[in-house]
Protein chains: 2
Amino acid sequence: MDEQKMMDKLINIGIALTSEKRLDNLLEKIVEEARRFTSADAGSLYLKEEDHIHFVVSQNDTIRKRAGEKQEKDSFLPFTMPISNENIAGYVALSGKVINLEDVYNIPLEMPFRFNKSYDERNNYTTRSMLVVPMINNENEIVGVLQLINSMDENGKVIPFKPQYEKLIQSLASQAAAAVQMAQLREELKDSNLEMIERLSIAAEFRDKDTALHIKRMSKYSQIIADGLGFSKEDSEMILFTAPMHDIGKLGVPDSILLKPAKLTAEEFEEMKKHTTYGAKILRDSDHKIIRQAEKIALSHHEKWDGTGYPNGLSGENIPIEGRIVALADVFDALSVKRCYKDALPLDIVEKIIHNDTGTHFDPKVTKAFFENYDRILDVFEKYREED
Amino acid sequence: MDEQKMMDKLINIGIALTSEKRLDNLLEKIVEEARRFTSADAGSLYLKEEDHIHFVVSQNDTIRKRAGEKQEKDSFLPFTMPISNENIAGYVALSGKVINLEDVYNIPLEMPFRFNKSYDERNNYTTRSMLVVPMINNENEIVGVLQLINSMDENGKVIPFKPQYEKLIQSLASQAAAAVQMAQLREELKDSNLEMIERLSIAAEFRDKDTALHIKRMSKYSQIIADGLGFSKEDSEMILFTAPMHDIGKLGVPDSILLKPAKLTAEEFEEMKKHTTYGAKILRDSDHKIIRQAEKIALSHHEKWDGTGYPNGLSGENIPIEGRIVALADVFDALSVKRCYKDALPLDIVEKIIHNDTGTHFDPKVTKAFFENYDRILDVFEKYREED
């Protein structure tokens with residue numbers, strides 16, 4: 001490949017890589033491009049995790065031609081290696097050095113690392129030349145290793161990796177490291193939002209007489225209904241996380257009302273109703289979609305289809321769909337399960353009540369989705385029963 | 001520059017860029033490298049924000065030589081441009097197209113954009129050739145624009161930008177876009193942790209008789225003490241955010257105790273003490289440093305230097321330093337301010353109490369840092385006084 005072509009190619013790779021959003025695809029592409037540049041028969045990418053590295057990409061033309069793509073992946077992916085001098089990738093993960101070897105079976109004795117033959121033995125393959133570079137992110141941490149095996153000449157003979165490729169492959173490995181870091185940040189951000197919900201739930205549990213099992217059931221019912229309404233898998237799952245926030249505003253209701261063993265007076269009930277607006281206040285104005293959905297649910301899960309609910313007397317489709325879903329999930333659970341202050345109703349009675357209240361309390365579409373997936377609802381009901 | 005050198009350079013840039021952590025430095029470097037590649041006299045980088053783009057980097061050799069570096073920056077940085085066809089960078093931010101012009105004063109009429117002369121007029125400068133590329137991130141969003149001005153030949157004459165540079169500059173612009181995205185994610189993650197603290201605080205405020213002003217003062221006192229103890233600016237600021245969590249566990253204490261207008265019985269006081277462990281439970285086991293610090297503070301702010309505090313009877317340096325800081329900040333505020341159930345003590349009495357309790361209740365080093373910065377403490381005391 002002449003230099004001009006090589007440069008064009010490198011630039012093109014850079015542009016292509018930044019448009020690949022999925023981390024796994026991106027890492028596969030990086031190994032492919034690194035192999036293409038160096039005419040390498042095989043290549044792997046490992047990520048570092050605590051005291052070991054594990055394969056996330058493994059490509060091997062010889063093995064693929066011999067045994068198919070499935071074998072090519074299956075034979076490597078489950079394996080991990082210690083970060084130590086007992087294997088070359090481990091040494092690179094430890095030292096951050098670039099290693100370029102002509103023949104891994106003849107490593108000069110003064111080298112601090114050893115070649116681990118298990119890859120070759122497991123796959124009836126012969127590794128000869130090898131170029132291994134660290135993936136270093138912009139916090140100067142080694143996050144993984146890019147390893148290229150058996151550079152080939154035009155006649156299919158294994159030759160050493162040319163030293164002038166080292167920098168180029170380091171550059172690709174840096175791009176991989178940046179992509180890994182970006183994906184980790186995204187993951188952390190998602191986790192951080194879930195963590196927020198989790199901690200608010202722990203706070204709420206201190207005060208609410210509702211059990212953790214109630215929360216679990218009604219969230220799962222909500223997810224099933226959302227799924228039945230045609231929500232994407234991701235959106236249905238989001239409801240599983242946000243539904244537990246529906247009563248978070250009860251944190252703001254005094255014990256004398258929240259824990260009263262008798263029926264509330266009209267005045268007390270007005271206070272109790274405020275848990276919807278209190279909840280919305282705790283969750284208000286987030287930049288994060290998941291917290292905004294939780295806010296909607298906290299505010300609207302006591303609205304009714306005919307406009308007789310609270311706090312805003314919304315009706316029909318003016319009630320956010322998440323609120324309509326949680327309304328049904330919450331009531332179904334309240335009716336079907338025994339609580340300290342009331343017995344459970346038999347399921348056939350509960351079903352009648354729900355049908356009866358559909359079009360007044362509940363959105364007919366939501367009720368339809370609920371009963372169309374009633375077997376899944378009952379699975380949850382059975383699986384998360386209260387202990388007596 | 002021959003092709004091999006050019007490629008080496010490009011690889012080196014890639015490697016250097018990934019090791020630059022600060023976004024502003026990184027973007028400066030990207031413009032520098034882009035200019036060096038294309039022998040451009042000037043270059044700017046704009047970021048997109050809602051309906052306009054604004055300069056974040058502006059380099060201009062001619063202006064720097066004529067008027068100095070300060071002038072080079074000052075003359076551009078405050079300006080923003082609309083995202084519209086009325087200026088070339090705006091057009092690129094809108095369309096995502098690459099624009100390479102030989103002479104901006106002779107733009108063919110069929111082109112959809114116009115050249116905005118204000119830059120030239122403001123700085124007595126003549127723009128001729130221009131290469132403008134969009135910064136596209138890996139979600140395919142245009143996040144900014146990289147603009148190069150006046151490519152120069154060896155004799156210092158302005159020439160057009162060579163078309164073969166376009167891809168290279170696009171590649172640099174993509175790297176800039178990725179860096180911007182990474183910085184934004186980091187910012188979001190930080191915000192998300194602060195948001196968690198904020199929402200827990202809102203929840204706590206529903207129940208706690210302490211005022212928002214108390215929280216504000218004691219957090220600021222804590223920050224001042226941390227600063228006085230030699231904490232870094234960042235670490236002192238973190239305490240400002242975590243100190244408000246010290247009483248979050250009061251969410252778990254019944255109203256009958258929390259709101260009791262009289263002195264608590266011994267048994268009630270045991271219940272009240274649990275707010276420390278409840279708080280730690282709400283905040284436990286986070287991966288985020290800031291939440292882990294909040295957990296420490298919630299758990300340890302009632303420990304005493306001599307080991308007679310609660311919940312764990314820790315003493316001396318076994319009490320986390322954050323807990324020792326907040327202990328003093330919290331008590332100083334409780335004593336110095338009027339609450340509904342007690343009057344404020346005069347400051348000279350408060351000072352005596354603190355000195356008296358140092359070595360028993362308070363860490364002597366913490367007390368020292370507190371009084372060494374007493375003027376800053378009193379500023380906060382005055383500024384955030386309770387209304388009568």
# chains A, B, ... in the order shown; residues from 1 in each chain; ligands from 1

$ calpha_fit_and_write --fixed "chain A" --moving "chain B" --output "compact mmCIF listing (two decimals) with C-alpha atoms, in the first residue's frame"
# COMPACT_ATOMS: atom_id res chain seq x y z
CA MET B 1 -0.06 0.17 -0.03
CA ASP B 2 1.44 3.56 -0.91
CA GLU B 3 1.59 6.29 1.68
CA GLN B 4 -1.13 8.51 0.20
CA LYS B 5 -3.58 5.62 0.12
CA MET B 6 -2.59 4.63 3.61
CA MET B 7 -3.26 8.12 4.88
CA ASP B 8 -6.61 8.38 3.13
CA LYS B 9 -7.50 5.08 4.68
CA LEU B 10 -6.50 6.16 8.13
CA ILE B 11 -8.59 9.31 7.83
CA ASN B 12 -11.54 7.33 6.58
CA ILE B 13 -11.24 4.94 9.49
CA GLY B 14 -11.26 7.82 11.92
CA ILE B 15 -14.41 9.23 10.38
CA ALA B 16 -16.12 5.84 10.22
CA LEU B 17 -15.22 5.00 13.80
CA THR B 18 -16.75 8.14 15.21
CA SER B 19 -20.04 7.29 13.53
CA GLU B 20 -20.25 3.82 15.09
CA LYS B 21 -22.27 4.10 18.25
CA ARG B 22 -22.37 0.53 19.50
CA LEU B 23 -19.22 -0.32 21.39
CA ASP B 24 -19.06 -3.97 20.36
CA ASN B 25 -19.37 -3.14 16.65
CA LEU B 26 -16.83 -0.38 17.02
CA LEU B 27 -14.25 -2.64 18.63
CA GLU B 28 -14.79 -5.30 15.95
CA LYS B 29 -14.21 -2.64 13.31
CA ILE B 30 -11.04 -1.41 14.96
CA VAL B 31 -9.54 -4.91 14.99
CA GLU B 32 -10.59 -5.42 11.37
CA GLU B 33 -8.97 -2.19 10.27
CA ALA B 34 -5.83 -2.84 12.27
CA ARG B 35 -5.54 -6.27 10.64
CA ARG B 36 -6.18 -4.91 7.17
CA PHE B 37 -3.44 -2.31 7.59
CA THR B 38 -0.90 -4.84 8.73
CA SER B 39 -2.15 -7.82 6.66
CA ALA B 40 -2.53 -9.76 9.89
CA ASP B 41 -4.10 -13.20 9.77
CA ALA B 42 -5.57 -12.81 13.27
CA GLY B 43 -6.28 -10.15 15.83
CA SER B 44 -7.80 -9.83 19.28
CA LEU B 45 -8.87 -7.09 21.58
CA TYR B 46 -8.87 -7.59 25.33
CA LEU B 47 -10.35 -5.38 28.02
CA LYS B 48 -8.86 -5.09 31.46
CA GLU B 49 -10.96 -5.95 34.47
CA GLU B 50 -9.45 -5.92 37.93
CA ASP B 51 -6.65 -8.53 37.83
CA HIS B 52 -7.32 -10.10 34.43
CA ILE B 53 -7.96 -9.30 30.79
CA HIS B 54 -10.70 -10.91 28.76
CA PHE B 55 -11.34 -11.22 25.03
CA VAL B 56 -14.01 -8.94 23.60
CA VAL B 57 -12.99 -9.35 19.96
CA SER B 58 -11.27 -12.31 18.35
CA GLN B 59 -10.76 -12.63 14.62
CA ASN B 60 -8.76 -15.34 12.88
CA ASP B 61 -8.97 -15.84 9.12
CA THR B 62 -7.32 -19.25 9.14
CA ILE B 63 -9.62 -20.67 11.78
CA ARG B 64 -12.69 -19.09 10.18
CA LYS B 65 -11.83 -20.65 6.81
CA ARG B 66 -11.20 -23.97 8.44
CA ALA B 67 -14.07 -24.15 10.95
CA GLY B 68 -16.50 -21.28 10.36
CA GLU B 69 -17.26 -18.00 12.09
CA LYS B 70 -18.92 -19.57 15.12
CA GLN B 71 -15.82 -21.58 15.92
CA GLU B 72 -13.69 -18.46 15.39
CA LYS B 73 -15.58 -16.66 18.18
CA ASP B 74 -16.41 -19.56 20.48
CA SER B 75 -12.90 -20.79 20.87
CA PHE B 76 -11.67 -17.53 22.43
CA LEU B 77 -14.39 -15.44 23.94
CA PRO B 78 -14.88 -17.32 27.22
CA PHE B 79 -11.19 -17.15 28.12
CA THR B 80 -9.50 -14.68 30.41
CA MET B 81 -5.81 -14.18 31.06
CA PRO B 82 -4.03 -13.00 34.16
CA ILE B 83 -2.36 -9.58 33.98
CA SER B 84 1.14 -10.95 34.37
CA ASN B 85 4.38 -11.71 32.53
CA GLU B 86 3.18 -15.26 31.87
CA ASN B 87 1.50 -14.13 28.64
CA ILE B 88 2.33 -11.34 26.22
CA ALA B 89 -1.00 -9.50 26.29
CA GLY B 90 -0.90 -9.62 30.10
CA TYR B 91 2.58 -8.13 30.06
CA VAL B 92 1.42 -5.28 27.80
CA ALA B 93 -1.63 -4.67 30.02
CA LEU B 94 0.74 -4.44 32.98
CA SER B 95 3.58 -2.42 31.47
CA GLY B 96 1.87 -0.29 28.80
CA LYS B 97 4.73 -1.17 26.42
CA VAL B 98 4.44 -1.97 22.70
CA ILE B 99 5.74 -5.45 21.86
CA ASN B 100 6.69 -6.41 18.29
CA LEU B 101 7.99 -9.99 17.96
CA GLU B 102 9.25 -11.80 14.89
CA ASP B 103 8.67 -15.26 16.34
CA VAL B 104 6.87 -15.88 19.61
CA TYR B 105 8.43 -19.36 19.84
CA ASN B 106 11.86 -17.74 19.95
CA ILE B 107 11.52 -14.95 22.47
CA PRO B 108 14.99 -13.80 23.55
CA LEU B 109 15.65 -14.97 27.10
CA GLU B 110 16.30 -11.47 28.39
CA MET B 111 12.68 -10.49 27.68
CA PRO B 112 10.62 -10.32 30.88
CA PHE B 113 7.55 -12.11 29.46
CA ARG B 114 6.69 -15.59 28.19
CA PHE B 115 4.47 -16.76 25.34
CA ASN B 116 1.40 -18.69 26.41
CA LYS B 117 0.90 -21.58 23.99
CA SER B 118 -2.64 -22.43 25.08
CA TYR B 119 -4.24 -20.37 22.28
CA ASP B 120 -2.28 -22.27 19.63
CA GLU B 121 -2.78 -25.66 21.23
CA ARG B 122 -6.50 -25.16 21.74
CA ASN B 123 -7.00 -24.25 18.09
CA ASN B 124 -4.32 -26.17 16.26
CA TYR B 125 -2.87 -22.87 15.09
CA THR B 126 0.70 -21.58 14.83
CA THR B 127 1.38 -18.07 15.98
CA ARG B 128 4.64 -16.60 14.68
CA SER B 129 4.87 -12.81 14.41
CA MET B 130 2.96 -10.66 16.84
CA LEU B 131 2.35 -6.94 17.43
CA VAL B 132 0.75 -6.07 20.76
CA VAL B 133 -0.12 -2.50 21.82
CA PRO B 134 -1.81 -1.15 24.94
CA MET B 135 -5.14 0.72 24.79
CA ILE B 136 -4.51 3.86 26.80
CA ASN B 137 -7.39 6.23 27.56
CA ASN B 138 -7.10 9.96 28.06
CA GLU B 139 -6.68 9.53 31.79
CA ASN B 140 -3.53 7.59 30.98
CA GLU B 141 -5.00 4.34 32.22
CA ILE B 142 -4.41 1.10 30.36
CA VAL B 143 -7.91 -0.16 29.67
CA GLY B 144 -7.08 -3.01 27.32
CA VAL B 145 -4.78 -4.55 24.74
CA LEU B 146 -4.89 -4.83 20.95
CA GLN B 147 -3.02 -7.87 19.64
CA LEU B 148 -2.24 -8.66 16.00
CA ILE B 149 -0.95 -12.07 14.92
CA ASN B 150 0.92 -13.30 11.82
CA SER B 151 1.45 -10.50 9.33
CA MET B 152 1.31 -12.09 5.83
CA ASP B 153 3.14 -11.20 2.63
CA GLU B 154 1.49 -11.39 -0.81
CA ASN B 155 2.33 -15.11 -1.05
CA GLY B 156 0.64 -15.99 2.22
CA LYS B 157 3.92 -16.36 4.10
CA VAL B 158 4.16 -15.11 7.67
CA ILE B 159 6.52 -12.13 8.02
CA PRO B 160 7.37 -9.78 10.90
CA PHE B 161 5.18 -6.68 11.54
CA LYS B 162 6.88 -3.60 10.04
CA PRO B 163 8.03 -1.20 12.78
CA GLN B 164 6.42 1.74 10.95
CA TYR B 165 3.01 0.24 11.65
CA GLU B 166 3.48 0.42 15.41
CA LYS B 167 2.39 4.05 15.77
CA LEU B 168 -0.56 3.59 13.49
CA ILE B 169 -1.82 0.63 15.50
CA GLN B 170 -1.25 2.60 18.70
CA SER B 171 -3.41 5.33 17.24
CA LEU B 172 -6.21 2.85 16.54
CA ALA B 173 -5.82 1.40 20.02
CA SER B 174 -6.19 4.90 21.50
CA GLN B 175 -9.41 5.35 19.60
CA ALA B 176 -10.64 2.06 20.96
CA ALA B 177 -9.71 3.18 24.47
CA ALA B 178 -11.61 6.45 24.04
CA ALA B 179 -14.66 4.55 22.82
CA VAL B 180 -14.52 2.20 25.80
CA GLN B 181 -14.28 5.16 28.14
CA MET B 182 -17.27 6.85 26.49
CA ALA B 183 -19.35 3.69 26.82
CA GLN B 184 -18.37 3.40 30.47
CA LEU B 185 -19.39 6.99 31.13
CA ARG B 186 -22.75 6.40 29.49
CA GLU B 187 -23.27 3.34 31.64
CA GLU B 188 -22.32 5.27 34.77
CA LEU B 189 -24.76 8.01 33.92
CA LYS B 190 -27.58 5.53 33.48
CA ASP B 191 -26.63 3.84 36.74
CA SER B 192 -26.50 7.15 38.50
CA ASN B 193 -30.10 7.93 37.55
CA LEU B 194 -31.24 4.51 38.71
CA GLU B 195 -29.27 5.06 41.91
CA MET B 196 -31.18 8.27 42.51
CA ILE B 197 -34.46 6.41 42.22
CA GLU B 198 -33.19 3.64 44.45
CA ARG B 199 -32.16 6.03 47.23
CA LEU B 200 -35.41 7.95 47.13
CA SER B 201 -37.20 4.61 47.41
CA ILE B 202 -35.18 3.65 50.48
CA ALA B 203 -36.11 7.00 52.03
CA ALA B 204 -39.78 6.45 51.19
CA GLU B 205 -39.79 2.95 52.64
CA PHE B 206 -39.05 4.36 56.08
CA ARG B 207 -42.45 5.98 56.14
CA ASP B 208 -44.80 4.18 53.85
CA LYS B 209 -46.83 1.27 55.10
CA ASP B 210 -46.77 -0.21 51.60
CA THR B 211 -44.43 -3.13 51.41
CA ALA B 212 -41.45 -3.55 49.15
CA LEU B 213 -43.37 -6.41 47.54
CA HIS B 214 -46.23 -4.10 46.62
CA ILE B 215 -43.75 -1.84 44.86
CA LYS B 216 -42.18 -4.77 43.06
CA ARG B 217 -45.50 -6.18 41.86
CA MET B 218 -47.06 -2.93 40.72
CA SER B 219 -43.88 -1.98 38.83
CA LYS B 220 -43.84 -5.30 37.05
CA TYR B 221 -47.56 -5.02 36.24
CA SER B 222 -46.83 -1.57 34.79
CA GLN B 223 -44.04 -2.95 32.64
CA ILE B 224 -46.29 -5.74 31.33
CA ILE B 225 -49.06 -3.28 30.45
CA ALA B 226 -46.59 -0.94 28.69
CA ASP B 227 -45.28 -3.89 26.74
CA GLY B 228 -48.84 -4.86 25.84
CA LEU B 229 -49.48 -1.32 24.60
CA GLY B 230 -46.60 -1.70 22.15
CA PHE B 231 -43.95 0.29 24.04
CA SER B 232 -40.40 -0.57 22.96
CA LYS B 233 -38.48 -2.92 25.22
CA GLU B 234 -36.43 0.00 26.47
CA ASP B 235 -39.48 2.14 27.24
CA SER B 236 -41.30 -0.69 29.01
CA GLU B 237 -38.21 -1.28 31.11
CA MET B 238 -38.04 2.38 32.01
CA ILE B 239 -41.53 2.16 33.55
CA LEU B 240 -40.28 -0.70 35.69
CA PHE B 241 -37.80 1.76 37.20
CA THR B 242 -40.03 4.82 37.43
CA ALA B 243 -43.28 3.27 38.70
CA PRO B 244 -41.79 2.79 42.21
CA MET B 245 -41.68 6.58 42.50
CA HIS B 246 -45.46 6.98 42.28
CA ASP B 247 -45.96 7.47 46.03
CA ILE B 248 -42.66 9.18 46.84
CA GLY B 249 -44.63 12.31 47.80
CA LYS B 250 -46.01 10.47 50.84
CA LEU B 251 -42.76 11.58 52.44
CA GLY B 252 -44.47 14.95 52.78
CA VAL B 253 -47.68 13.70 54.43
CA PRO B 254 -47.81 13.79 58.27
CA ASP B 255 -47.72 10.48 60.17
CA SER B 256 -51.09 11.32 61.77
CA ILE B 257 -52.68 10.99 58.33
CA LEU B 258 -50.35 8.52 56.64
CA LEU B 259 -50.50 6.02 59.49
CA LYS B 260 -54.06 6.65 60.71
CA PRO B 261 -55.68 3.26 61.40
CA ALA B 262 -59.20 4.57 60.70
CA LYS B 263 -60.88 6.19 57.68
CA LEU B 264 -59.60 9.68 56.90
CA THR B 265 -61.84 12.71 57.42
CA ALA B 266 -62.59 14.83 54.34
CA GLU B 267 -59.98 17.33 55.47
CA GLU B 268 -57.35 14.67 56.10
CA PHE B 269 -58.05 13.18 52.70
CA GLU B 270 -57.33 16.58 51.10
CA GLU B 271 -53.94 16.49 52.84
CA MET B 272 -53.33 12.94 51.65
CA LYS B 273 -54.09 13.91 48.04
CA LYS B 274 -51.15 16.29 48.17
CA HIS B 275 -48.75 13.36 47.98
CA THR B 276 -49.11 13.65 44.18
CA THR B 277 -47.91 17.24 44.01
CA TYR B 278 -45.28 16.65 46.71
CA GLY B 279 -43.91 13.77 44.65
CA ALA B 280 -43.76 15.93 41.54
CA LYS B 281 -41.93 18.58 43.56
CA ILE B 282 -39.27 16.11 44.69
CA LEU B 283 -38.75 14.97 41.10
CA ARG B 284 -39.36 18.17 39.17
CA ASP B 285 -37.46 19.66 36.23
CA SER B 286 -34.88 16.96 35.61
CA ASP B 287 -32.79 16.90 32.45
CA HIS B 288 -32.97 13.12 32.55
CA LYS B 289 -35.77 11.38 30.74
CA ILE B 290 -36.12 8.74 33.41
CA ILE B 291 -36.62 11.23 36.23
CA ARG B 292 -39.04 13.27 34.12
CA GLN B 293 -41.12 10.13 33.61
CA ALA B 294 -41.05 9.44 37.35
CA GLU B 295 -42.31 12.98 37.92
CA LYS B 296 -45.22 12.45 35.51
CA ILE B 297 -46.19 9.23 37.26
CA ALA B 298 -46.02 10.74 40.74
CA LEU B 299 -48.25 13.60 39.65
CA SER B 300 -50.82 11.77 37.54
CA HIS B 301 -51.35 8.27 38.92
CA HIS B 302 -54.55 9.32 40.74
CA GLU B 303 -56.15 11.02 37.75
CA LYS B 304 -59.18 9.22 36.32
CA TRP B 305 -60.18 8.66 32.69
CA ASP B 306 -63.49 10.57 33.21
CA GLY B 307 -61.79 13.59 34.81
CA THR B 308 -62.89 12.94 38.41
CA GLY B 309 -59.39 12.16 39.74
CA TYR B 310 -56.79 14.38 41.42
CA PRO B 311 -54.78 16.59 41.66
CA ASN B 312 -55.65 18.25 38.33
CA GLY B 313 -58.90 16.58 37.24
CA LEU B 314 -57.36 15.66 33.89
CA SER B 315 -59.33 13.35 31.65
CA GLY B 316 -58.75 10.92 28.77
CA GLU B 317 -55.53 11.28 26.86
CA ASN B 318 -54.67 14.46 28.72
CA ILE B 319 -53.50 12.14 31.47
CA PRO B 320 -49.96 10.99 30.61
CA ILE B 321 -50.02 7.39 29.45
CA GLU B 322 -47.55 6.42 32.18
CA GLY B 323 -49.99 7.73 34.80
CA ARG B 324 -52.86 5.76 33.26
CA ILE B 325 -50.78 2.59 33.29
CA VAL B 326 -49.63 2.96 36.88
CA ALA B 327 -53.18 3.83 38.01
CA LEU B 328 -54.41 0.41 36.93
CA ALA B 329 -51.33 -1.47 38.17
CA ASP B 330 -51.56 0.21 41.57
CA VAL B 331 -55.30 -0.38 42.04
CA PHE B 332 -55.12 -4.00 40.89
CA ASP B 333 -52.45 -4.67 43.47
CA ALA B 334 -54.28 -2.80 46.23
CA LEU B 335 -57.44 -4.85 45.63
CA SER B 336 -55.86 -8.25 45.07
CA VAL B 337 -53.55 -8.34 48.07
CA LYS B 338 -54.16 -8.49 51.79
CA ARG B 339 -52.89 -5.53 53.79
CA CYS B 340 -52.77 -5.04 57.52
CA TYR B 341 -56.04 -3.06 57.46
CA LYS B 342 -58.00 -5.09 54.91
CA ASP B 343 -58.38 -8.54 53.39
CA ALA B 344 -57.56 -9.43 49.81
CA LEU B 345 -60.50 -9.67 47.42
CA PRO B 346 -60.87 -12.85 45.35
CA LEU B 347 -59.44 -12.37 41.86
CA ASP B 348 -62.79 -12.78 40.07
CA ILE B 349 -64.20 -9.87 42.11
CA VAL B 350 -61.10 -7.77 41.38
CA GLU B 351 -61.46 -8.46 37.65
CA LYS B 352 -65.12 -7.39 37.77
CA ILE B 353 -64.27 -4.15 39.56
CA ILE B 354 -61.63 -3.30 36.98
CA HIS B 355 -63.94 -4.01 34.07
CA ASN B 356 -66.65 -1.99 35.78
CA ASP B 357 -64.36 1.01 36.35
CA THR B 358 -62.95 0.99 32.83
CA GLY B 359 -64.04 4.08 30.90
CA THR B 360 -64.61 5.93 34.18
CA HIS B 361 -61.46 5.34 36.25
CA PHE B 362 -59.29 3.42 33.78
CA ASP B 363 -58.30 3.97 30.16
CA PRO B 364 -60.02 1.23 28.07
CA LYS B 365 -56.83 0.67 26.05
CA VAL B 366 -54.85 0.15 29.24
CA THR B 367 -57.39 -2.32 30.60
CA LYS B 368 -57.32 -4.17 27.28
CA ALA B 369 -53.52 -4.46 27.34
CA PHE B 370 -53.74 -5.61 30.97
CA PHE B 371 -56.16 -8.47 30.28
CA GLU B 372 -54.48 -9.46 27.03
CA ASN B 373 -51.40 -10.19 29.13
CA TYR B 374 -53.25 -11.49 32.15
CA ASP B 375 -51.24 -14.72 32.30
CA ARG B 376 -48.03 -12.69 32.74
CA ILE B 377 -49.79 -10.53 35.35
CA LEU B 378 -50.82 -13.62 37.30
CA ASP B 379 -47.28 -15.01 37.13
CA VAL B 380 -46.06 -11.88 38.92
CA PHE B 381 -48.98 -12.07 41.36
CA GLU B 382 -47.97 -15.63 42.29
CA LYS B 383 -44.25 -15.10 42.31
CA TYR B 384 -44.26 -12.08 44.63
CA ARG B 385 -46.97 -13.11 47.07
CA GLU B 386 -46.94 -11.56 50.54
CA GLU B 387 -45.88 -13.88 53.36
CA ASP B 388 -48.64 -14.41 55.88

$ select_by_dssp --residues "range 36-277 of chain B" --states "alpha helix (DSSP H)" --output "VMD selection string"
chain B and resid 36 to 38 61 to 67 69 to 74 88 to 95 118 to 123 166 to 205 212 to 228 233 to 242 255 to 258 266 to 273 275 to 277

$ select_by_dssp --residues "range 170-367 of chain A" --states "strand (DSSP E or B)" --output "PyMOL selection string"
chain A and resi 339+342+358+362

$ write_last_selection --atoms "N, CA and C atoms" --output "PDB file, in the first residue's frame"
ATOM      1  N   ARG A 339     -53.608  -6.570  52.970  1.00  0.00           N
ATOM      2  CA  ARG A 339     -52.720  -5.662  53.704  1.00  0.00           C
ATOM      3  C   ARG A 339     -53.111  -5.702  55.172  1.00  0.00           C
ATOM      4  N   LYS A 342     -56.716  -4.732  55.671  1.00  0.00           N
ATOM      5  CA  LYS A 342     -57.827  -5.255  54.875  1.00  0.00           C
ATOM      6  C   LYS A 342     -57.440  -6.604  54.275  1.00  0.00           C
ATOM      7  N   THR A 358     -63.608   0.608  34.126  1.00  0.00           N
ATOM      8  CA  THR A 358     -62.965   1.002  32.882  1.00  0.00           C
ATOM      9  C   THR A 358     -63.853   1.980  32.112  1.00  0.00           C
ATOM     10  N   PHE A 362     -60.412   3.889  34.638  1.00  0.00           N
ATOM     11  CA  PHE A 362     -59.282   3.416  33.820  1.00  0.00           C
ATOM     12  C   PHE A 362     -59.479   3.659  32.327  1.00  0.00           C
TER      13      PHE A 362
END
